[in-house]
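**Student:** The structure follows.
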Number of protein chains: 2
Amino acid sequence: MMADKDGDPAAQQPPFKGPGPVVTEIPATQEILTELTDLTWERTVERSSRPVAVMFYSPACVFCHQMDPYFRNYARDYKDSIQFARLNIMTSPWTAERYGIRSTPTFKFFCEGKPVQEMVGAVYPALLKKMVDEVLVHGRECAKNSTAIDYEITGYG
Amino acid sequence: MMADKDGDPAAQQPPFKGPGPVVTEIPATQEILTELTDLTWERTVERSSRPVAVMFYSPACVFCHQMDPYFRNYARDYKDSIQFARLNIMTSPWTAERYGIRSTPTFKFFCEGKPVQEMVGAVYPALLKKMVDEVLVHGRECAKNSTAIDYEITGYG
């Protein structure tokens with residue numbers, strides 16, 4: 001016999017209180033979307049063996065708020081293959097400046113700790129999704145088909 | 001009567017030396033592909049009203065040499081709408097470091113002086129071309145649908 005998806009409400013809910021608010025969705029996506037800071041950046045992004053998708057945002061940026069639900073959805077859809085994270089550029093300006101972030105939202109994808117793709121602005125969500133797919137298909141290959149820069153030998157590091 | 005492409009070799013070349021090397025192609029593409037330095041970057045890229053496509057490269061990077069002919073071809077194909085440029089990260093490390101370039105080749109597209117898209121490595125040329133097309137279609141829109149960061153108000157500028 002198949003159990004009903006929600007079971008018997010009368011057996012699960014306290015009597016006379018009615019159904020509570022549906023809160024399952026929000027904690028689930030919050031858990032899989034890491035909030036980064038200048039201090040946790042290196043450990044979470046640059047030393048990560050998994051691909052990482054980062055959204056650089058600022059709290060007052062309306063375009064960031066527009067994109068946020070899509071980013072959260074992708075974080076859930078791709079949670080098994082890509083780590084999704086956000087960085088508030090107002091409270092963590094060092095990392096944003098280090099990567100030359102000039103506008104928000106900036107979506108930046110990292111493979112083996114190095115940037116492989118970037119997209120800026122409230123782009124069409126389909127474009128962002130396509131980029132996630134491309135990183136999954138071509139990302140590791142890109143990291144392989146490029147030469148890492150050793151800034152020490154340029155005399156600038 | 002149509003003139004022969006090479007004209008009459010006997011009239012143009014000193015006798016007994018044979019035809020010279022075919023050099024027509026190279027100067028033509030070199031003209032439309034600007035070679036940037038740390039000193040010319042701001043003027044050519046950040047203050048440009050046209051979209052700019054930049055290839056960050058290093059002379060010893062084999063993947064850069066692989067991508068170079070494609071980039072030159074796109075420079076010619078798109079010369080009326082996008083400025084194409086290259087920056088040698090060994091001789092101009094300041095700009096590369098400022099934009100967090102960690103591998104070569106890195107292709108970075110600028111709209112109204114700000115980065116809008118980035119792609120790293122010896123990617124499939126078709127992917128690079130698609131990105132150029134996307135910048136043409138969505139680029140200005142992206143620059144519009146994002147919030148410029150004023151690093152001075154973050155207390156970090």
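All residue names refer to the structure tokens as shown: chains lettered A, B, ... in order, residues numbered from 1 in each chain, ligands numbered from 1 in order.
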Return as a compact mmCIF listing (two decimals) with C-alpha atoms, in the first residue's frame the residues belonging to chain A that are within 8 Å of chain B, counting only C-alpha atoms.
**Tutor:**
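See result15.txt below for the written result:
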```txt
# COMPACT_ATOMS: atom_id res chain seq x y z
CA CYS A 61 21.31 46.24 -5.51
CA PHE A 63 19.26 43.49 -9.83
CA CYS A 64 20.77 41.18 -7.21
CA MET A 90 29.97 45.77 1.04
CA THR A 91 31.12 43.71 4.01
CA PRO A 93 35.29 44.34 -0.34
CA TRP A 94 38.77 42.81 -0.37
CA GLU A 97 38.42 44.13 -5.47
CA ARG A 98 40.96 41.34 -5.84
CA TYR A 99 38.89 39.80 -8.65
CA GLY A 100 38.16 43.12 -10.33
CA ILE A 101 34.42 42.97 -9.61
CA ARG A 102 33.05 46.32 -10.81
CA SER A 103 29.27 45.72 -10.79
CA THR A 104 26.72 43.58 -8.98
CA PRO A 105 25.47 40.98 -9.44
CA LYS A 114 40.58 29.35 -10.44
CA PRO A 115 38.02 31.43 -12.32
CA VAL A 116 36.75 29.79 -15.51
CA GLN A 117 33.68 31.86 -16.40
CA GLU A 118 32.00 35.10 -15.43
CA MET A 119 28.72 36.79 -16.23
CA VAL A 120 27.58 40.20 -15.00
CA GLY A 121 24.18 41.74 -14.35
CA ALA A 122 20.56 40.67 -14.18
CA VAL A 123 21.01 38.41 -17.17
CA HIS A 138 33.63 22.15 -20.15
CA CYS A 142 39.04 24.65 -19.32
CA ALA A 143 41.02 24.49 -16.12
CA LYS A 144 43.17 21.89 -17.83
CA ASN A 145 43.52 23.79 -21.12
CA SER A 146 44.97 26.90 -19.57
CA THR A 147 48.29 27.94 -18.08
CA ALA A 148 48.27 28.91 -14.41
CA ILE A 149 49.96 32.24 -13.76
CA TYR A 151 52.74 35.97 -10.21
CA THR A 154 56.37 38.16 -13.19
CA TYR A 156 54.79 41.39 -9.22
```
**Student:** Report as a list in words: the residues of stretch 60-94 of chain B with a DSSP assignment of helix (DSSP H, G or I), based on the backbone of this structure.
**Tutor:** Val62, Phe63, Cys64, His65, Gln66, Met67, Asp68, Pro69, Tyr70, Phe71, Arg72, Asn73, Tyr74, Ala75, Arg76, Asp77, Pro93 and Trp94 of chain B
**Student:** Grab the atom CA of B:Val54 to atom CA of B:Ile82 distance for me, in Å with one decimal place.
**Tutor:** 10.3 Å
**Student:** I want to know what sits within 9 Å of B:Thr44, based on only C-alpha atoms, with residues of the same chain fewer than 6 positions away left out; could you give that as a count of residues only?
**Tutor:** 5
**Student:** Just the number, please: distance in Å from atom CA of A:Arg76 to atom CA of A:Asp38, one decimal.
**Tutor:**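 About the pair atom CA of A:Arg76 and atom CA of A:Asp38: they are 24.1 Å apart.
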**Student:** Neighbours of A:Ala126 within 10 Å (only C-alpha atoms; same-chain residues fewer than 5 positions away dropped), as a ChimeraX atom specification?
**Tutor:** /A:70,131-132
